[in-house]
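Data first, discussion second: the structure below is written as structure tokens.
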Amino acid sequence: MSRTEQPPRPPHRTHRTRAANWAAFAAAEPALARTVEERFAAHTHHVLATLRKDGSPRTSGLEVRFLNGELWLGMMPGSLKALDLRRDPRFALQANPGEGTGMGGGDVRISGRAVEVGDGEAKAGYVEEVEPPEPFHLFRTELTEVVRTCVEDDTYLVVQTWKPGEPLRLIKRT
């Protein structure tokens, strides 16, 4: 093998990590779910991380919607982020922190898998509610982790971590 050739990558393994839709998360942790939705509602554009063909990360701007118990990701046809998710559904999504350093409500991140929704009842309902420019890719999310990081009482760094099937984990540091 020459120095420029890369060894073949093993095929992507899709070991099934526990996942939940938005409704299941909101039922398990309603207060955290409200905070997360508020953070995403504060700004229109957020940051989506996907994986390129070579496994390196790609970050892209994205609008998200919380509708009918799901967190939806809509994308322009043929966009690189949509092609990335078709190839490897893993994603990370970070709420726009806004201007300055205030971060009211904290820093919010969601990880999971994106499942593309074809033409059908779910997509028709989304179109009716959102009225996106067509054509477009639509993905519903399966959450594997939700994390909120904030400062409490100007003293503590607080990290809340939720994973499906596990209790909410809370870490406070000074």
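Ordering of the structure tokens sets the chain letters (A, B, ...); residue numbers start at 1 within each chain; ligands are numbered from 1 in the order shown.
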Could you build a table of the residues in stretch 13-63 of chain A lying no more than 12 Å from stretch 122-140 of chain A, giving for each the nearest pair of atoms and their separation in Å rounded to one decimal place, using only C-alpha atoms, ordered by chain and ascending residue number, as a tab-separated table?
residue	atom	partner	partner_atom	distance
A:Ala20	CA	A:Arg140	CA	11.0
A:Asn21	CA	A:Arg140	CA	8.3
A:Trp22	CA	A:Arg140	CA	9.4
A:Ala23	CA	A:Arg140	CA	11.9
A:Glu63	CA	A:Pro132	CA	11.0
For stretch 76-84 of chain A, please output as a PDB file with C-alpha atoms, in the first residue's frame all residues within 12 Å (counting only C-alpha atoms; exclusion window: fewer than 5 positions along the same chain).
ATOM      1  CA  VAL A  47     -25.762  23.880  13.784  1.00  0.00           C
ATOM      2  CA  LEU A  48     -26.063  20.305  12.536  1.00  0.00           C
ATOM      3  CA  ALA A  49     -23.046  17.983  12.507  1.00  0.00           C
ATOM      4  CA  THR A  50     -23.068  15.008  10.137  1.00  0.00           C
ATOM      5  CA  LEU A  51     -20.405  12.600   8.909  1.00  0.00           C
ATOM      6  CA  ARG A  52     -18.838  12.882   5.458  1.00  0.00           C
ATOM      7  CA  LYS A  53     -18.025   9.848   3.300  1.00  0.00           C
ATOM      8  CA  ASP A  54     -14.506   9.759   4.740  1.00  0.00           C
ATOM      9  CA  GLY A  55     -15.835   9.888   8.326  1.00  0.00           C
ATOM     10  CA  SER A  56     -14.758  13.459   9.018  1.00  0.00           C
ATOM     11  CA  PRO A  57     -17.337  15.840  10.499  1.00  0.00           C
ATOM     12  CA  ARG A  58     -19.361  18.332   8.486  1.00  0.00           C
ATOM     13  CA  THR A  59     -21.217  21.206  10.160  1.00  0.00           C
ATOM     14  CA  SER A  60     -24.096  22.993   8.480  1.00  0.00           C
ATOM     15  CA  GLY A  61     -26.750  25.521   9.344  1.00  0.00           C
ATOM     16  CA  LEU A  62     -30.240  24.157   9.808  1.00  0.00           C
ATOM     17  CA  GLU A  63     -33.763  25.049  10.912  1.00  0.00           C
ATOM     18  CA  PRO A  89     -27.810   8.611  10.030  1.00  0.00           C
ATOM     19  CA  ARG A  90     -25.822   9.755  13.084  1.00  0.00           C
ATOM     20  CA  PHE A  91     -26.012  13.456  13.858  1.00  0.00           C
ATOM     21  CA  ALA A  92     -25.388  16.053  16.535  1.00  0.00           C
ATOM     22  CA  ARG A 113     -30.052   9.201  14.298  1.00  0.00           C
ATOM     23  CA  ALA A 114     -32.034  10.802  11.484  1.00  0.00           C
ATOM     24  CA  VAL A 115     -34.572   8.696   9.609  1.00  0.00           C
ATOM     25  CA  GLU A 116     -35.645  10.009   6.217  1.00  0.00           C
ATOM     26  CA  VAL A 117     -39.383  10.280   5.698  1.00  0.00           C
ATOM     27  CA  PRO A 132     -41.522  24.416   3.110  1.00  0.00           C
ATOM     28  CA  PRO A 133     -40.237  25.072  -0.407  1.00  0.00           C
ATOM     29  CA  GLU A 134     -40.543  21.834  -2.353  1.00  0.00           C
ATOM     30  CA  PRO A 135     -38.966  19.475  -3.128  1.00  0.00           C
ATOM     31  CA  PHE A 136     -37.089  18.806   0.107  1.00  0.00           C
ATOM     32  CA  HIS A 137     -35.663  16.047   2.302  1.00  0.00           C
ATOM     33  CA  LEU A 138     -37.388  15.435   5.624  1.00  0.00           C
ATOM     34  CA  PHE A 139     -35.898  13.491   8.525  1.00  0.00           C
TER      35      PHE A 139
END
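For the residues A:Leu85, A:Val146, A:Tyr156, A:Gly74, ranking by smallest atom-to-atom distance to A:Leu168 using only C-alpha atoms places A:Val146 first.
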| field | Which of chain A DSSP labels strand (DSSP E or B), written as a PyMOL selection string | value | chain A and resi 20+46-51+57-62+64-67+70-75+90-94+107-116+137-152+156-162+169-173
| request: For stretch 26-30 of chain A, work out the shell of residues within 12 Å, counting only C-alpha atoms and skipping chain neighbours fewer than 5 positions away, then give it as a PyMOL selection string. | output: chain A and resi 20-21+35-37+66+68-71+143+146-147+160-169
Can you list every residue in stretch 44-149 of chain A that DSSP puts in helix (DSSP H, G or I), as a tab-separated table (two decimals) with N, CA and C atoms, in the first residue's frame?
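Done, and the output landed in out-v1.tsv:
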chain	number	residue	atom	x	y	z
A	80	LEU	N	-25.64	18.45	0.89
A	80	LEU	CA	-24.61	17.54	1.39
A	80	LEU	C	-25.00	16.94	2.74
A	81	LYS	N	-25.63	17.74	3.61
A	81	LYS	CA	-26.02	17.20	4.92
A	81	LYS	C	-27.07	16.10	4.76
A	82	ALA	N	-28.00	16.27	3.81
A	82	ALA	CA	-29.00	15.22	3.57
A	82	ALA	C	-28.33	13.97	3.02
A	83	LEU	N	-27.39	14.13	2.10
A	83	LEU	CA	-26.68	12.97	1.55
A	83	LEU	C	-25.86	12.28	2.64
A	84	ASP	N	-25.25	13.09	3.53
A	84	ASP	CA	-24.51	12.51	4.66
A	84	ASP	C	-25.44	11.64	5.51
A	85	LEU	N	-26.62	12.16	5.85
A	85	LEU	CA	-27.55	11.44	6.72
A	85	LEU	C	-28.13	10.20	6.04
A	86	ARG	N	-28.27	10.24	4.74
A	86	ARG	CA	-28.73	9.04	4.02
A	86	ARG	C	-27.69	7.93	4.12
A	87	ARG	N	-26.42	8.32	4.10
A	87	ARG	CA	-25.32	7.35	4.15
A	87	ARG	C	-25.07	6.87	5.57
A	121	GLU	N	-48.14	10.23	4.67
A	121	GLU	CA	-48.95	11.00	5.60
A	121	GLU	C	-48.11	11.93	6.49
A	122	ALA	N	-46.99	11.42	7.01
A	122	ALA	CA	-46.15	12.24	7.89
A	122	ALA	C	-45.59	13.44	7.15
A	123	LYS	N	-45.10	13.22	5.94
A	123	LYS	CA	-44.52	14.32	5.16
A	123	LYS	C	-45.62	15.30	4.75
A	124	ALA	N	-46.79	14.79	4.39
A	124	ALA	CA	-47.91	15.66	4.01
A	124	ALA	C	-48.32	16.54	5.20
A	125	GLY	N	-48.34	15.97	6.40
A	125	GLY	CA	-48.66	16.75	7.60
A	125	GLY	C	-47.64	17.84	7.86
A	126	TYR	N	-46.37	17.51	7.64
A	126	TYR	CA	-45.30	18.49	7.82
A	126	TYR	C	-45.47	19.63	6.81
A	127	VAL	N	-45.73	19.27	5.55
A	127	VAL	CA	-45.91	20.28	4.50
A	127	VAL	C	-47.07	21.19	4.83
A	128	GLU	N	-48.17	20.61	5.30
A	128	GLU	CA	-49.34	21.41	5.65
A	128	GLU	C	-49.03	22.40	6.77
A	129	GLU	N	-48.27	21.96	7.76
A	129	GLU	CA	-47.97	22.81	8.91
A	129	GLU	C	-46.88	23.84	8.61
A	130	VAL	N	-45.81	23.42	7.94
A	130	VAL	CA	-44.62	24.26	7.78
A	130	VAL	C	-44.59	25.02	6.46
| request: Find the residues near A:His46: any atom within 12 Å, counting only C-alpha atoms, skip ones fewer than 4 places away on the same chain, and give them as a ChimeraX atom specification. | output: /A:39-42,59-65,73,92-98,107-110
| field | atom CA of A:Asp154 to atom CA of A:Ala31, distance in Å rounded to a single decimal | value | 21.2 Å
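Distance-wise, atom CA of A:Glu99 and atom CA of A:His45 end up 12.7 Å apart.
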